[in-house]
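Colleague: For reference, the file final-v3.cif (mmCIF, N, CA, C and O atoms) is included below:
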data_final
#
loop_
_atom_site.label_atom_id
_atom_site.label_comp_id
_atom_site.auth_asym_id
_atom_site.auth_seq_id
_atom_site.Cartn_x
_atom_site.Cartn_y
_atom_site.Cartn_z
N MET A 1 -33.02 22.10 27.33
CA MET A 1 -32.97 21.07 26.30
C MET A 1 -33.15 19.71 26.97
O MET A 1 -32.44 19.38 27.91
N PRO A 2 -34.07 18.91 26.47
CA PRO A 2 -34.29 17.60 27.07
C PRO A 2 -33.05 16.71 26.95
O PRO A 2 -32.23 16.87 26.03
N VAL A 3 -32.93 15.77 27.87
CA VAL A 3 -31.79 14.86 27.89
C VAL A 3 -31.73 14.04 26.61
O VAL A 3 -30.64 13.81 26.06
N ALA A 4 -32.86 13.63 26.10
CA ALA A 4 -32.88 12.83 24.87
C ALA A 4 -32.27 13.58 23.70
O ALA A 4 -31.54 13.01 22.88
N ASP A 5 -32.53 14.88 23.60
CA ASP A 5 -31.94 15.68 22.52
C ASP A 5 -30.43 15.81 22.68
O ASP A 5 -29.69 15.77 21.69
N THR A 6 -29.99 15.97 23.91
CA THR A 6 -28.55 16.07 24.18
C THR A 6 -27.85 14.77 23.80
O THR A 6 -26.79 14.77 23.16
N VAL A 7 -28.45 13.65 24.19
CA VAL A 7 -27.89 12.34 23.86
C VAL A 7 -27.86 12.16 22.35
O VAL A 7 -26.87 11.68 21.78
N LYS A 8 -28.94 12.55 21.69
CA LYS A 8 -29.02 12.44 20.24
C LYS A 8 -27.92 13.27 19.57
O LYS A 8 -27.24 12.80 18.66
N GLN A 9 -27.72 14.48 20.02
CA GLN A 9 -26.68 15.34 19.46
C GLN A 9 -25.29 14.76 19.72
O GLN A 9 -24.42 14.81 18.85
N ASP A 10 -25.08 14.19 20.90
CA ASP A 10 -23.79 13.56 21.21
C ASP A 10 -23.54 12.36 20.30
O ASP A 10 -22.41 12.15 19.83
N LEU A 11 -24.58 11.57 20.07
CA LEU A 11 -24.44 10.41 19.18
C LEU A 11 -24.14 10.85 17.75
O LEU A 11 -23.29 10.26 17.07
N ILE A 12 -24.81 11.89 17.31
CA ILE A 12 -24.56 12.40 15.95
C ILE A 12 -23.13 12.91 15.83
O ILE A 12 -22.43 12.63 14.85
N ALA A 13 -22.66 13.63 16.84
CA ALA A 13 -21.28 14.13 16.82
C ALA A 13 -20.29 12.98 16.81
O ALA A 13 -19.29 13.01 16.09
N ALA A 14 -20.57 11.94 17.61
CA ALA A 14 -19.67 10.78 17.64
C ALA A 14 -19.67 10.06 16.30
O ALA A 14 -18.61 9.62 15.82
N MET A 15 -20.84 9.95 15.68
CA MET A 15 -20.92 9.29 14.38
C MET A 15 -20.17 10.08 13.31
O MET A 15 -19.50 9.50 12.45
N LYS A 16 -20.27 11.39 13.35
CA LYS A 16 -19.53 12.22 12.40
C LYS A 16 -18.03 12.06 12.58
O LYS A 16 -17.28 11.95 11.60
N ALA A 17 -17.60 12.03 13.84
CA ALA A 17 -16.17 11.85 14.11
C ALA A 17 -15.71 10.48 13.62
O ALA A 17 -14.62 10.35 13.02
N ASP A 18 -16.52 9.45 13.85
CA ASP A 18 -16.18 8.10 13.38
C ASP A 18 -16.10 8.06 11.85
O ASP A 18 -15.23 7.41 11.28
N ARG A 19 -17.03 8.77 11.20
CA ARG A 19 -17.03 8.80 9.74
C ARG A 19 -15.78 9.47 9.21
O ARG A 19 -15.14 8.99 8.26
N LEU A 20 -15.38 10.56 9.83
CA LEU A 20 -14.15 11.25 9.41
C LEU A 20 -12.93 10.36 9.62
O LEU A 20 -12.04 10.29 8.76
N ASP A 21 -12.89 9.66 10.75
CA ASP A 21 -11.78 8.74 11.01
C ASP A 21 -11.75 7.63 9.96
O ASP A 21 -10.67 7.26 9.47
N ALA A 22 -12.93 7.11 9.61
CA ALA A 22 -13.00 6.05 8.61
C ALA A 22 -12.52 6.54 7.26
O ALA A 22 -11.79 5.84 6.54
N GLU A 23 -12.89 7.76 6.89
CA GLU A 23 -12.45 8.33 5.61
C GLU A 23 -10.94 8.52 5.59
O GLU A 23 -10.29 8.25 4.57
N LYS A 24 -10.38 8.97 6.70
CA LYS A 24 -8.92 9.13 6.78
C LYS A 24 -8.22 7.78 6.66
O LYS A 24 -7.20 7.66 5.98
N LEU A 25 -8.78 6.77 7.33
CA LEU A 25 -8.17 5.44 7.24
C LEU A 25 -8.26 4.87 5.84
O LEU A 25 -7.31 4.25 5.34
N GLU A 26 -9.39 5.08 5.18
CA GLU A 26 -9.54 4.61 3.79
C GLU A 26 -8.52 5.28 2.88
O GLU A 26 -7.93 4.63 2.02
N ALA A 27 -8.30 6.57 3.07
CA ALA A 27 -7.32 7.29 2.26
C ALA A 27 -5.92 6.75 2.53
O ALA A 27 -5.13 6.55 1.59
N ARG A 28 -5.62 6.49 3.79
CA ARG A 28 -4.30 5.96 4.14
C ARG A 28 -4.11 4.56 3.55
O ARG A 28 -3.03 4.24 3.02
N ILE A 29 -5.14 3.75 3.61
CA ILE A 29 -5.07 2.40 3.03
C ILE A 29 -4.84 2.48 1.53
O ILE A 29 -4.02 1.74 0.98
N ALA A 30 -5.54 3.40 0.86
CA ALA A 30 -5.36 3.56 -0.59
C ALA A 30 -3.93 3.99 -0.91
O ALA A 30 -3.32 3.47 -1.86
N GLU A 31 -3.38 4.91 -0.13
CA GLU A 31 -1.99 5.34 -0.34
C GLU A 31 -1.02 4.18 -0.14
O GLU A 31 -0.09 4.01 -0.93
N GLU A 32 -1.25 3.40 0.90
CA GLU A 32 -0.34 2.29 1.18
C GLU A 32 -0.46 1.20 0.12
O GLU A 32 0.54 0.57 -0.25
N LYS A 33 -1.67 0.98 -0.40
CA LYS A 33 -1.84 0.02 -1.49
C LYS A 33 -1.07 0.46 -2.72
O LYS A 33 -0.42 -0.35 -3.38
N ALA A 34 -1.15 1.76 -3.03
CA ALA A 34 -0.43 2.28 -4.19
C ALA A 34 1.07 2.14 -4.00
O ALA A 34 1.80 1.76 -4.92
N GLN A 35 1.54 2.41 -2.79
CA GLN A 35 2.97 2.28 -2.50
C GLN A 35 3.41 0.82 -2.62
O GLN A 35 4.46 0.53 -3.19
N LEU A 36 2.59 -0.09 -2.11
CA LEU A 36 2.93 -1.51 -2.22
C LEU A 36 2.94 -1.97 -3.67
O LEU A 36 3.81 -2.75 -4.07
N ALA A 37 2.00 -1.49 -4.45
CA ALA A 37 1.97 -1.85 -5.87
C ALA A 37 3.24 -1.37 -6.57
O ALA A 37 3.83 -2.10 -7.37
N PHE A 38 3.66 -0.15 -6.26
CA PHE A 38 4.89 0.38 -6.84
C PHE A 38 6.09 -0.47 -6.43
O PHE A 38 6.93 -0.83 -7.25
N LEU A 39 6.17 -0.78 -5.13
CA LEU A 39 7.30 -1.57 -4.64
C LEU A 39 7.31 -2.97 -5.23
O LEU A 39 8.37 -3.51 -5.56
N PHE A 40 6.13 -3.56 -5.41
CA PHE A 40 6.04 -4.88 -6.01
C PHE A 40 6.52 -4.84 -7.46
O PHE A 40 7.27 -5.72 -7.90
N HIS A 41 6.11 -3.80 -8.19
CA HIS A 41 6.56 -3.65 -9.58
C HIS A 41 8.08 -3.47 -9.64
O HIS A 41 8.76 -4.09 -10.46
N GLU A 42 8.59 -2.65 -8.74
CA GLU A 42 10.04 -2.42 -8.69
C GLU A 42 10.78 -3.71 -8.36
O GLU A 42 11.83 -4.01 -8.95
N LEU A 43 10.25 -4.49 -7.44
CA LEU A 43 10.86 -5.77 -7.08
C LEU A 43 10.87 -6.72 -8.28
O LEU A 43 11.88 -7.40 -8.53
N ASN A 44 9.77 -6.77 -9.02
CA ASN A 44 9.72 -7.63 -10.21
C ASN A 44 10.77 -7.22 -11.23
O ASN A 44 11.41 -8.08 -11.85
N GLU A 45 10.95 -5.91 -11.40
CA GLU A 45 11.99 -5.45 -12.33
C GLU A 45 13.37 -5.87 -11.87
O GLU A 45 14.19 -6.32 -12.67
N LYS A 46 13.63 -5.74 -10.58
CA LYS A 46 14.94 -6.13 -10.05
C LYS A 46 15.16 -7.63 -10.17
O LYS A 46 16.28 -8.08 -10.45
N GLU A 47 14.11 -8.41 -9.98
CA GLU A 47 14.23 -9.86 -10.14
C GLU A 47 14.56 -10.21 -11.59
O GLU A 47 15.35 -11.13 -11.84
N SER A 48 13.96 -9.49 -12.53
CA SER A 48 14.24 -9.73 -13.94
C SER A 48 15.70 -9.40 -14.27
O SER A 48 16.37 -10.15 -14.99
N VAL A 49 16.19 -8.30 -13.75
CA VAL A 49 17.58 -7.92 -13.97
C VAL A 49 18.51 -8.96 -13.35
O VAL A 49 19.51 -9.36 -13.95
N LEU A 50 18.17 -9.43 -12.17
CA LEU A 50 18.98 -10.45 -11.50
C LEU A 50 19.01 -11.74 -12.31
O LEU A 50 20.07 -12.36 -12.48
N ALA A 51 17.86 -12.15 -12.84
CA ALA A 51 17.80 -13.37 -13.65
C ALA A 51 18.65 -13.20 -14.91
O ALA A 51 19.37 -14.14 -15.31
N LEU A 52 18.58 -12.05 -15.53
CA LEU A 52 19.40 -11.79 -16.72
C LEU A 52 20.88 -11.83 -16.37
O LEU A 52 21.69 -12.42 -17.08
N ASN A 53 21.25 -11.21 -15.25
CA ASN A 53 22.64 -11.21 -14.80
C ASN A 53 23.13 -12.64 -14.56
O ASN A 53 24.24 -13.00 -14.97
N ARG A 54 22.31 -13.44 -13.92
CA ARG A 54 22.69 -14.85 -13.68
C ARG A 54 22.91 -15.59 -14.99
O ARG A 54 23.86 -16.36 -15.14
N GLN A 55 21.99 -15.37 -15.95
CA GLN A 55 22.13 -16.04 -17.24
C GLN A 55 23.40 -15.59 -17.95
O GLN A 55 24.10 -16.40 -18.56
N LEU A 56 23.72 -14.30 -17.88
CA LEU A 56 24.95 -13.81 -18.50
C LEU A 56 26.18 -14.44 -17.85
O LEU A 56 27.14 -14.80 -18.54
N GLN A 57 26.15 -14.60 -16.54
CA GLN A 57 27.27 -15.24 -15.84
C GLN A 57 27.43 -16.69 -16.29
O GLN A 57 28.56 -17.15 -16.53
N VAL A 58 26.32 -17.39 -16.42
CA VAL A 58 26.38 -18.78 -16.87
C VAL A 58 26.94 -18.83 -18.29
O VAL A 58 27.80 -19.68 -18.59
N ASP A 59 26.47 -17.96 -19.15
CA ASP A 59 26.97 -17.92 -20.52
C ASP A 59 28.47 -17.62 -20.57
O ASP A 59 29.21 -18.24 -21.34
N LEU A 60 28.93 -16.68 -19.74
CA LEU A 60 30.36 -16.36 -19.72
C LEU A 60 31.19 -17.53 -19.22
O LEU A 60 32.27 -17.80 -19.73
N LEU A 61 30.69 -18.21 -18.20
CA LEU A 61 31.43 -19.36 -17.67
C LEU A 61 31.50 -20.49 -18.69
O LEU A 61 32.51 -21.19 -18.75
N ARG A 62 30.48 -20.65 -19.48
CA ARG A 62 30.50 -21.72 -20.51
C ARG A 62 31.50 -21.40 -21.62
O ARG A 62 32.10 -22.30 -22.19
N ARG A 63 31.67 -20.12 -21.91
CA ARG A 63 32.60 -19.73 -22.97
C ARG A 63 34.04 -19.89 -22.54
O ARG A 63 34.92 -20.09 -23.37
N ASN A 64 34.28 -19.80 -21.23
CA ASN A 64 35.68 -19.86 -20.76
C ASN A 64 36.02 -21.20 -20.30
O ASN A 64 35.96 -22.17 -20.17
#
Could you render the structure as structure tokens?
Modeller:
Amino acid sequence: MPVADTVKQDLIAAMKADRLDAEKLEARIAEEKAQLAFLFHELNEKESVLALNRQLQVDLLRRN
């Protein structure tokens, strides 16, 4: 087998490996984005509850 063919096959194998790595990274990024979106939503809910709690405390203090 000529050297050029061997080099070509090695390059193709390396490109395939790089493509698989890129696909795995894209999947991981998508998973992490989804997790961050969930955590951000959860944080917003907790902030809303905290704001309501603060308002209730202010209202109770005004009544007493």
Colleague: For atom C of Ala37 of chain A and atom N of Leu20 of chain A, determine how far apart the two atoms are, in Å to one decimal place.
Modeller: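 For atom C of Ala37 of chain A relative to atom N of Leu20 of chain A, the distance reads 27.5 Å.
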Colleague: Using Å and a single decimal, report how far atom C of Ile29 of chain A sits from atom N of His41 of chain A.
Modeller: 15.9 Å
Colleague: Could you please determine the separation between atom CA of Glu42 of chain A and atom CA of Lys24 of chain A in Å, to one decimal place?
Modeller: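 Taking atom CA of Glu42 of chain A as the start and atom CA of Lys24 of chain A as the end point, the length is 27.1 Å.
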